[in-house]
Number of protein chains: 2
Amino acid sequence: MDGSDMYIPTFQDVKDAHERIRPYIHRTPVLTSSYLNGLAGCEMFFKCENFQKAGAFKVRGASNAVFGLSDEQATRGVATHSSGNHALSLSYAAGRRGIPCHVVMPRTAPQAKKDAVRGYGGIITECEPSTSSREEVFAKVQAETGADFVHPYNDPRVIAGQGTCSREFMEQMEDHGGAVDMMVAPIGGGGMISGTCLTLSTIAPDVKIIAAEPEQADDAARSFRAGHIIADDAPDTVADGLKVPLKELTWHFVSNHVTDILTASEQEIIDAMRLTWQRMKIVMEPSCAVPLAVILKNKDVFAGKRVGVVITGGNVDLGKLPWMQN
Amino acid sequence: MDGSDMYIPTFQDVKDAHERIRPYIHRTPVLTSSYLNGLAGCEMFFKCENFQKAGAFKVRGASNAVFGLSDEQATRGVATHSSGNHALSLSYAAGRRGIPCHVVMPRTAPQAKKDAVRGYGGIITECEPSTSSREEVFAKVQAETGADFVHPYNDPRVIAGQGTCSREFMEQMEDHGGAVDMMVAPIGGGGMISGTCLTLSTIAPDVKIIAAEPEQADDAARSFRAGHIIADDAPDTVADGLKVPLKELTWHFVSNHVTDILTASEQEIIDAMRLTWQRMKIVMEPSCAVPLAVILKNKDVFAGKRVGVVITGGNVDLGKLPWMQN
């Protein structure tokens with residue numbers, strides 16, 4: 001399917017997704033820190049999707065895809081080739097529906113990641129660590145099983161599911177003195193940012209949407225300035241959830257609704273991550289620290305504003321924390 | 001003051017404390033984990049005081065003491081000789097009232113602890129690392145300043161303040177299907193357990209109260225069985241908030257209202273701590289892992305029950321996590 005064929009989800013799809021997935025997700029809390037507010041010079045509201053089922057916001061989109069399948073399609077299961085939070089989330093959602101979830105992963109992937117996918121009931125088929133092998137093995141799995149492919153982000157069902165996060169956040173802000181002025185989320189493939197754009201452009205069009213990206217994987221920022229998708233081959237960053245490129249559907253939302261994409265260095269990301277753990281007492285992934293890192297780096301942009309921040313996930317290897325590798 | 005002279009706080013003191021401290025504390029969330037429930041074979045509700053102001057429940061008792069002072073007394077400030085969460089909490093509360101907080105700490109205390117106390121505005125006077133020096137220096141500070149001594153736990157104002165935690169928890173349980181059958185909290189000096197006893201014996205006398213203690217600092221468990229306070233000289237445990245002995249006021253509550261005191265080994269505590277970080281995505285102190293450790297070790301005691309668990313604090317050195325020292 002190319003961009004011109006792709007269905008662009010609407011806010012009605014977000015509302016439908018919300019009804020569909022509500023039994024399978026947490027309404028995650030919004031936390032604040034007066035210390036971090038003082039440091040940043042703005043008022044931040046952290047939407048804690050690290051507390052979400054399967055440990056990340058991705059369960060919203062995955063559940064929407066899984067529970068939106070017809071009974072007939074569902075019996076054949078779902079399939080994906082992520083090795084990160086999307087694979088965990090899709091496995092979790094498929095398990096809740098009682099259908100198979102096939103995950104194609106490189107045989108070289110860390111054992112901990114394979115164990116985590118299997119822990120949620122995912123069925124792993126290994127491929128060689130190359131794009132050609134992955135595509136070949138994935139095609140074979142799909143042909144044999146008839147499973148429905150759920151892309152980690154370039155899928156209207158997934159984006160509509162991710163859009164429930166900022167809908168929930170805006171409802172919760174009624175208990176926190178009303179709407180925010182700006183919303184900041186990390187950007188990798190752009191699934192969370194696209195869902196945020198979809199929801200806020202309908203229910204709160206005045207809220208500025210800022211994407212936060214690692215300097216070392218700044219393809220979205222360069223795409224944004226160039227006006228077309230630029231995909232890097234193999235970016236390397238501690239924020240390992242953000243290495244993937246934009247695709248046509250997420251590019252649609254990013255190019256139409258994002259105000260700016262700001263970047264932070266590896267050290268700034270690690271510092272912001274450690275600071276959040278230390279002061280907010282939450283376990284979160286390096287990817288989630290990129291928003292705070294860009295806020296602390298661009299204080300003038302956020303000065304005096306009310307700023308929503310999406311903490312996207314909490315699946316980290318506690319034996320390998322980035323500040324302990326230095 | 002000895003035991004016979006000491007005022008024993010009542011539930012009215014807890015209600016008064018709650019009104020007094022409400023502007024200065026967080027109403028911390030109650031979190032659940034279906035994964036941990038499955039592992040433990042009971043339904044657990046975690047009261048997350050690691051998200052509390054100054055990072056621990058101790059701010060409840062400290063704030064009650066500080067904001068209960070007369071204006072005249074308040075001008076002379078408060079004083080203590082803790083080097084842990086009580087010192088941080090008392091410094092925070094004094095700062096909110098705009099009065100001095102004097103903290104006597106051994107000159108050998110870690111620089112990070114001194115910095116944290118100063119970060120909250122505490123004024124440190126150093127002593128030698130001995131009880132005699134501490135008492136001498138503390139008496140001098142008190143004589144010079146006229147500051148009010150706020151003991152970390154053997155103080156009716158502090159215990160009444162800690163009692164607000166389980167009051168808040170029981171209110172929150174109305175959104176979680178009603179009361180619990182049991183409440184588990186760590187025990188060191190017994191401040192949190194005493195506040196829990198004070199509140200629950202009045203508003204929910206059927207709830208069994210279980211204290212959780214490190215095997216390597218099991219003086220409270222031995223006191224409980226012996227029927228009188230046993231104080232150890234220098235217990236050593238990773239749960240460093242739990243090394244202090246019971247005192248007369250906390251012994252009153254422990255001996256009258258606690259159902260049992262269960263213990264866990266160092267490795268069981270570290271495993272429970274890491275498990276909680278990994279699955280619940282929260283940063284908490286080793287001391288807070290003792291309840292989960294004893295629950296996992298004594299599954300028959302908790303089987304099928306609804307169990308409240310107090311996560312007491314989140315002030316850890318992220319550069320020195322116990323599973324990284326092995």
# chains A, B, ... in the order shown; residues from 1 in each chain; ligands from 1
$ interface_residues --of "chain A" --to "chain B" --cutoff "10 Å" --atoms "only C-alpha atoms" --output "ChimeraX atom specification"
/A:28-29,31-35,48,50-55,274-275,277-285,313-321,323-324
$ write_last_selection --atoms "C-alpha atoms" --output "CSV table (one decimal), in the first residue's frame"
chain,number,residue,atom,x,y,z
A,28,THR,CA,-2.4,6.1,33.5
A,29,PRO,CA,-1.8,8.9,36.0
A,31,LEU,CA,2.3,13.3,37.6
A,32,THR,CA,3.9,16.7,38.4
A,33,SER,CA,7.2,17.8,40.0
A,34,SER,CA,7.6,21.2,41.5
A,35,TYR,CA,11.3,20.7,41.5
A,48,CYS,CA,2.9,8.3,32.6
A,50,ASN,CA,5.5,3.9,31.5
A,51,PHE,CA,2.8,2.6,33.9
A,52,GLN,CA,0.7,1.3,30.9
A,53,LYS,CA,-0.1,-2.4,30.3
A,54,ALA,CA,3.0,-4.1,28.8
A,55,GLY,CA,5.0,-1.0,30.0
A,274,ARG,CA,18.6,10.3,35.6
A,275,LEU,CA,17.1,13.5,36.8
A,277,TRP,CA,14.3,8.9,38.0
A,278,GLN,CA,15.9,10.8,40.9
A,279,ARG,CA,13.2,13.4,41.4
A,280,MET,CA,10.0,11.8,40.1
A,281,LYS,CA,10.8,8.3,41.3
A,282,ILE,CA,9.7,6.7,38.1
A,283,VAL,CA,11.4,4.1,35.9
A,284,MET,CA,11.3,5.2,32.3
A,285,GLU,CA,13.2,4.5,29.0
A,313,GLY,CA,7.4,3.6,28.3
A,314,GLY,CA,9.3,2.0,31.1
A,315,ASN,CA,10.8,-1.1,29.6
A,316,VAL,CA,14.5,-0.8,30.5
A,317,ASP,CA,17.3,-3.3,31.3
A,318,LEU,CA,17.9,-2.4,35.0
A,319,GLY,CA,21.2,-4.2,34.8
A,320,LYS,CA,22.5,-1.8,32.1
A,321,LEU,CA,21.5,1.8,33.0
A,323,TRP,CA,24.8,6.4,33.6
A,324,MET,CA,26.5,3.2,34.8
$ select_by_dssp --residues "segment 85-290 of chain B" --states "strand (DSSP E)" --output "PyMOL selection string"
chain B and resi 101-106+123-127+148-149+182-186+208-214+260-264
$ atom_distance --atom1 "atom CA of Asp271 of chain A" --atom2 "atom CA of Leu36 of chain A"
12.8 Å
$ residues_around --residues "His102 of chain A" --least-positions-apart "4" --cutoff "8 Å" --atoms "only C-alpha atoms" --output "count of residues only"
10
$ residues_around --residues "segment 305-308 of chain B" --least-positions-apart "5" --cutoff "8 Å" --atoms "only C-alpha atoms" --output "MDAnalysis selection string"
chainID B and resid 42:47 179:184
$ residues_around --residues "segment 16-20 of chain A" --least-positions-apart "5" --cutoff "10 Å" --atoms "only C-alpha atoms" --output "list in words"
Phe11, Ile25, Arg60, Gly61, Ser63, Asn64, Ala65, Val66, Phe67, Gly68, Arg157, Val158, Ile159, Ala160, Gly161, Gln162, Gly163, Thr164, Cys165, Arg167 and Glu168 of chain A
$ write_last_selection --atoms "N, CA, C and O atoms" --output "PDB file, in the first residue's frame"
ATOM      1  N   PHE A  11     -10.857  11.679  14.048  1.00  0.00           N
ATOM      2  CA  PHE A  11     -11.054  11.675  15.494  1.00  0.00           C
ATOM      3  C   PHE A  11     -12.166  10.691  15.898  1.00  0.00           C
ATOM      4  O   PHE A  11     -12.153  10.161  17.014  1.00  0.00           O
ATOM      5  N   ILE A  25      -6.607  -1.529  28.795  1.00  0.00           N
ATOM      6  CA  ILE A  25      -5.525  -0.577  29.093  1.00  0.00           C
ATOM      7  C   ILE A  25      -5.747   0.087  30.448  1.00  0.00           C
ATOM      8  O   ILE A  25      -6.845   0.047  31.007  1.00  0.00           O
ATOM      9  N   ARG A  60      -1.935   0.745  23.315  1.00  0.00           N
ATOM     10  CA  ARG A  60      -3.181   1.386  22.862  1.00  0.00           C
ATOM     11  C   ARG A  60      -3.438   1.048  21.397  1.00  0.00           C
ATOM     12  O   ARG A  60      -4.509   0.558  21.022  1.00  0.00           O
ATOM     13  N   GLY A  61      -2.456   1.324  20.548  1.00  0.00           N
ATOM     14  CA  GLY A  61      -2.612   1.055  19.124  1.00  0.00           C
ATOM     15  C   GLY A  61      -2.719  -0.434  18.828  1.00  0.00           C
ATOM     16  O   GLY A  61      -3.540  -0.865  18.008  1.00  0.00           O
ATOM     17  N   SER A  63      -3.817  -2.820  20.800  1.00  0.00           N
ATOM     18  CA  SER A  63      -5.122  -3.340  21.226  1.00  0.00           C
ATOM     19  C   SER A  63      -6.212  -2.920  20.264  1.00  0.00           C
ATOM     20  O   SER A  63      -7.147  -3.685  19.992  1.00  0.00           O
ATOM     21  N   ASN A  64      -6.108  -1.698  19.755  1.00  0.00           N
ATOM     22  CA  ASN A  64      -7.128  -1.253  18.801  1.00  0.00           C
ATOM     23  C   ASN A  64      -7.103  -2.122  17.546  1.00  0.00           C
ATOM     24  O   ASN A  64      -8.160  -2.509  17.025  1.00  0.00           O
ATOM     25  N   ALA A  65      -5.916  -2.447  17.067  1.00  0.00           N
ATOM     26  CA  ALA A  65      -5.814  -3.304  15.879  1.00  0.00           C
ATOM     27  C   ALA A  65      -6.366  -4.699  16.180  1.00  0.00           C
ATOM     28  O   ALA A  65      -7.179  -5.236  15.419  1.00  0.00           O
ATOM     29  N   VAL A  66      -5.951  -5.272  17.309  1.00  0.00           N
ATOM     30  CA  VAL A  66      -6.346  -6.652  17.638  1.00  0.00           C
ATOM     31  C   VAL A  66      -7.856  -6.770  17.867  1.00  0.00           C
ATOM     32  O   VAL A  66      -8.512  -7.671  17.350  1.00  0.00           O
ATOM     33  N   PHE A  67      -8.418  -5.838  18.629  1.00  0.00           N
ATOM     34  CA  PHE A  67      -9.836  -5.966  18.980  1.00  0.00           C
ATOM     35  C   PHE A  67     -10.758  -5.416  17.901  1.00  0.00           C
ATOM     36  O   PHE A  67     -11.966  -5.563  17.984  1.00  0.00           O
ATOM     37  N   GLY A  68     -10.169  -4.799  16.876  1.00  0.00           N
ATOM     38  CA  GLY A  68     -10.969  -4.355  15.729  1.00  0.00           C
ATOM     39  C   GLY A  68     -11.090  -5.425  14.644  1.00  0.00           C
ATOM     40  O   GLY A  68     -11.854  -5.260  13.692  1.00  0.00           O
ATOM     41  N   ARG A 157      -5.080   2.104  12.286  1.00  0.00           N
ATOM     42  CA  ARG A 157      -5.640   1.561  13.535  1.00  0.00           C
ATOM     43  C   ARG A 157      -4.717   1.849  14.707  1.00  0.00           C
ATOM     44  O   ARG A 157      -5.151   2.139  15.824  1.00  0.00           O
ATOM     45  N   VAL A 158      -3.415   1.766  14.431  1.00  0.00           N
ATOM     46  CA  VAL A 158      -2.413   2.013  15.480  1.00  0.00           C
ATOM     47  C   VAL A 158      -2.411   3.496  15.857  1.00  0.00           C
ATOM     48  O   VAL A 158      -2.419   3.861  17.043  1.00  0.00           O
ATOM     49  N   ILE A 159      -2.435   4.361  14.850  1.00  0.00           N
ATOM     50  CA  ILE A 159      -2.419   5.808  15.125  1.00  0.00           C
ATOM     51  C   ILE A 159      -3.684   6.231  15.873  1.00  0.00           C
ATOM     52  O   ILE A 159      -3.625   7.008  16.828  1.00  0.00           O
ATOM     53  N   ALA A 160      -4.829   5.687  15.477  1.00  0.00           N
ATOM     54  CA  ALA A 160      -6.072   6.019  16.193  1.00  0.00           C
ATOM     55  C   ALA A 160      -5.979   5.562  17.646  1.00  0.00           C
ATOM     56  O   ALA A 160      -6.421   6.259  18.569  1.00  0.00           O
ATOM     57  N   GLY A 161      -5.379   4.393  17.863  1.00  0.00           N
ATOM     58  CA  GLY A 161      -5.192   3.907  19.239  1.00  0.00           C
ATOM     59  C   GLY A 161      -4.288   4.822  20.039  1.00  0.00           C
ATOM     60  O   GLY A 161      -4.605   5.187  21.180  1.00  0.00           O
ATOM     61  N   GLN A 162      -3.163   5.228  19.460  1.00  0.00           N
ATOM     62  CA  GLN A 162      -2.238   6.130  20.179  1.00  0.00           C
ATOM     63  C   GLN A 162      -2.926   7.467  20.476  1.00  0.00           C
ATOM     64  O   GLN A 162      -2.621   8.118  21.481  1.00  0.00           O
ATOM     65  N   GLY A 163      -3.869   7.855  19.624  1.00  0.00           N
ATOM     66  CA  GLY A 163      -4.591   9.121  19.835  1.00  0.00           C
ATOM     67  C   GLY A 163      -5.440   9.133  21.096  1.00  0.00           C
ATOM     68  O   GLY A 163      -5.807  10.205  21.584  1.00  0.00           O
ATOM     69  N   THR A 164      -5.721   7.939  21.660  1.00  0.00           N
ATOM     70  CA  THR A 164      -6.508   7.913  22.905  1.00  0.00           C
ATOM     71  C   THR A 164      -5.701   8.460  24.077  1.00  0.00           C
ATOM     72  O   THR A 164      -6.273   8.883  25.079  1.00  0.00           O
ATOM     73  N   CYS A 165      -4.380   8.464  23.956  1.00  0.00           N
ATOM     74  CA  CYS A 165      -3.534   8.920  25.067  1.00  0.00           C
ATOM     75  C   CYS A 165      -3.739  10.404  25.345  1.00  0.00           C
ATOM     76  O   CYS A 165      -3.974  10.807  26.485  1.00  0.00           O
ATOM     77  N   ARG A 167      -6.245  12.182  24.334  1.00  0.00           N
ATOM     78  CA  ARG A 167      -7.650  12.408  24.690  1.00  0.00           C
ATOM     79  C   ARG A 167      -7.828  12.226  26.204  1.00  0.00           C
ATOM     80  O   ARG A 167      -8.438  13.062  26.893  1.00  0.00           O
ATOM     81  N   GLU A 168      -7.292  11.139  26.706  1.00  0.00           N
ATOM     82  CA  GLU A 168      -7.355  10.849  28.139  1.00  0.00           C
ATOM     83  C   GLU A 168      -6.647  11.960  28.930  1.00  0.00           C
ATOM     84  O   GLU A 168      -7.153  12.439  29.944  1.00  0.00           O
TER      85      GLU A 168
END
$ select_by_dssp --residues "segment 48-271 of chain B" --states "helix (DSSP H, G or I)" --output "PyMOL selection string"
chain B and resi 49-51+53-55+58-67+71-76+85-97+111-119+131-145+156-176+191-203+215-217+219-226+240-242+248-257+266-271
$ atom_distance --atom1 "atom CA of Val290 of chain B" --atom2 "atom CA of Ala116 of chain B"
24.4 Å
$ residues_around --residues "segment 245-256 of chain B" --least-positions-apart "5" --cutoff "7 Å" --atoms "only C-alpha atoms" --output "PyMOL selection string"
chain B and resi 3+154+188-191+194+197+219-220+224+229+231
$ atom_distance --atom1 "atom CA of Ala112 of chain A" --atom2 "atom CA of Gly241 of chain A"
15.7 Å
$ closest_residue --among "A:Cys288, A:Val59, A:Leu296, A:Leu69" --to "Pro23 of chain A" --atoms "only C-alpha atoms"
A:Val59
$ decode --residues "segment 40-53 of chain A" --atoms "all heavy atoms" --output "compact mmCIF listing (two decimals), in the first residue's frame"
# COMPACT_ATOMS: atom_id res chain seq x y z
N ALA A 40 12.95 23.97 35.01
CA ALA A 40 12.64 24.22 33.60
C ALA A 40 12.04 25.59 33.35
O ALA A 40 12.08 26.10 32.22
CB ALA A 40 11.70 23.14 33.07
N GLY A 41 11.45 26.19 34.41
CA GLY A 41 10.80 27.49 34.22
C GLY A 41 9.47 27.39 33.50
O GLY A 41 8.99 28.36 32.90
N CYS A 42 8.86 26.23 33.55
CA CYS A 42 7.50 26.06 33.00
C CYS A 42 6.78 25.04 33.88
O CYS A 42 7.37 24.46 34.77
CB CYS A 42 7.53 25.62 31.54
SG CYS A 42 8.33 24.04 31.26
N GLU A 43 5.47 24.87 33.61
CA GLU A 43 4.71 23.95 34.43
C GLU A 43 4.43 22.68 33.62
O GLU A 43 3.71 22.75 32.62
CB GLU A 43 3.39 24.62 34.87
CG GLU A 43 2.72 23.95 36.03
CD GLU A 43 1.45 24.68 36.47
OE1 GLU A 43 1.10 25.72 35.86
OE2 GLU A 43 0.78 24.19 37.39
N MET A 44 5.01 21.57 34.06
CA MET A 44 4.92 20.35 33.25
C MET A 44 3.96 19.33 33.87
O MET A 44 3.87 19.20 35.08
CB MET A 44 6.31 19.73 33.11
CG MET A 44 7.27 20.62 32.32
SD MET A 44 8.93 19.90 32.13
CE MET A 44 9.57 20.13 33.81
N PHE A 45 3.25 18.63 32.99
CA PHE A 45 2.32 17.58 33.39
C PHE A 45 2.71 16.31 32.64
O PHE A 45 2.60 16.26 31.41
CB PHE A 45 0.88 18.02 33.07
CG PHE A 45 0.51 19.30 33.75
CD1 PHE A 45 0.73 20.52 33.12
CD2 PHE A 45 -0.02 19.30 35.03
CE1 PHE A 45 0.42 21.72 33.75
CE2 PHE A 45 -0.33 20.48 35.68
CZ PHE A 45 -0.11 21.71 35.04
N PHE A 46 3.16 15.31 33.39
CA PHE A 46 3.73 14.11 32.78
C PHE A 46 2.67 13.01 32.70
O PHE A 46 2.17 12.54 33.72
CB PHE A 46 4.92 13.62 33.61
CG PHE A 46 6.08 14.58 33.64
CD1 PHE A 46 6.18 15.54 34.64
CD2 PHE A 46 7.05 14.53 32.65
CE1 PHE A 46 7.25 16.44 34.67
CE2 PHE A 46 8.12 15.42 32.67
CZ PHE A 46 8.22 16.39 33.68
N LYS A 47 2.34 12.63 31.47
CA LYS A 47 1.38 11.53 31.25
C LYS A 47 2.17 10.23 31.26
O LYS A 47 2.95 9.95 30.34
CB LYS A 47 0.68 11.75 29.91
CG LYS A 47 -0.26 10.64 29.49
CD LYS A 47 -1.46 10.50 30.40
CE LYS A 47 -2.50 9.54 29.81
NZ LYS A 47 -3.45 9.09 30.86
N CYS A 48 1.96 9.43 32.31
CA CYS A 48 2.89 8.33 32.61
C CYS A 48 2.51 7.01 31.94
O CYS A 48 2.02 6.08 32.61
CB CYS A 48 3.01 8.18 34.10
SG CYS A 48 3.93 9.54 34.82
N GLU A 49 2.80 6.91 30.65
CA GLU A 49 2.52 5.68 29.93
C GLU A 49 3.55 4.58 30.22
O GLU A 49 3.42 3.45 29.74
CB GLU A 49 2.43 5.96 28.43
CG GLU A 49 1.19 6.75 28.05
CD GLU A 49 -0.07 5.89 28.07
OE1 GLU A 49 -0.19 4.97 27.25
OE2 GLU A 49 -0.97 6.16 28.92
N ASN A 50 4.57 4.92 31.01
CA ASN A 50 5.45 3.85 31.51
C ASN A 50 4.70 2.92 32.46
O ASN A 50 5.09 1.78 32.65
CB ASN A 50 6.70 4.44 32.19
CG ASN A 50 6.36 5.45 33.27
OD1 ASN A 50 5.35 6.16 33.18
ND2 ASN A 50 7.19 5.56 34.28
N PHE A 51 3.59 3.42 33.04
CA PHE A 51 2.76 2.57 33.90
C PHE A 51 1.71 1.80 33.10
O PHE A 51 0.85 1.13 33.67
CB PHE A 51 2.05 3.41 34.97
CG PHE A 51 2.96 4.12 35.93
CD1 PHE A 51 2.61 5.35 36.46
CD2 PHE A 51 4.15 3.54 36.34
CE1 PHE A 51 3.43 6.00 37.36
CE2 PHE A 51 4.99 4.19 37.24
CZ PHE A 51 4.63 5.43 37.74
N GLN A 52 1.72 1.96 31.79
CA GLN A 52 0.70 1.33 30.94
C GLN A 52 0.89 -0.19 30.92
O GLN A 52 1.97 -0.70 31.21
CB GLN A 52 0.82 1.91 29.52
CG GLN A 52 -0.28 1.55 28.56
CD GLN A 52 -1.68 1.74 29.10
OE1 GLN A 52 -2.25 0.85 29.71
NE2 GLN A 52 -2.22 2.94 28.92
N LYS A 53 -0.16 -0.92 30.55
CA LYS A 53 -0.07 -2.37 30.33
C LYS A 53 1.10 -2.64 29.37
O LYS A 53 1.28 -1.89 28.39
CB LYS A 53 -1.36 -2.88 29.70
CG LYS A 53 -2.54 -2.90 30.65
CD LYS A 53 -2.48 -4.12 31.56
CE LYS A 53 -3.66 -4.14 32.50
NZ LYS A 53 -3.48 -5.22 33.52
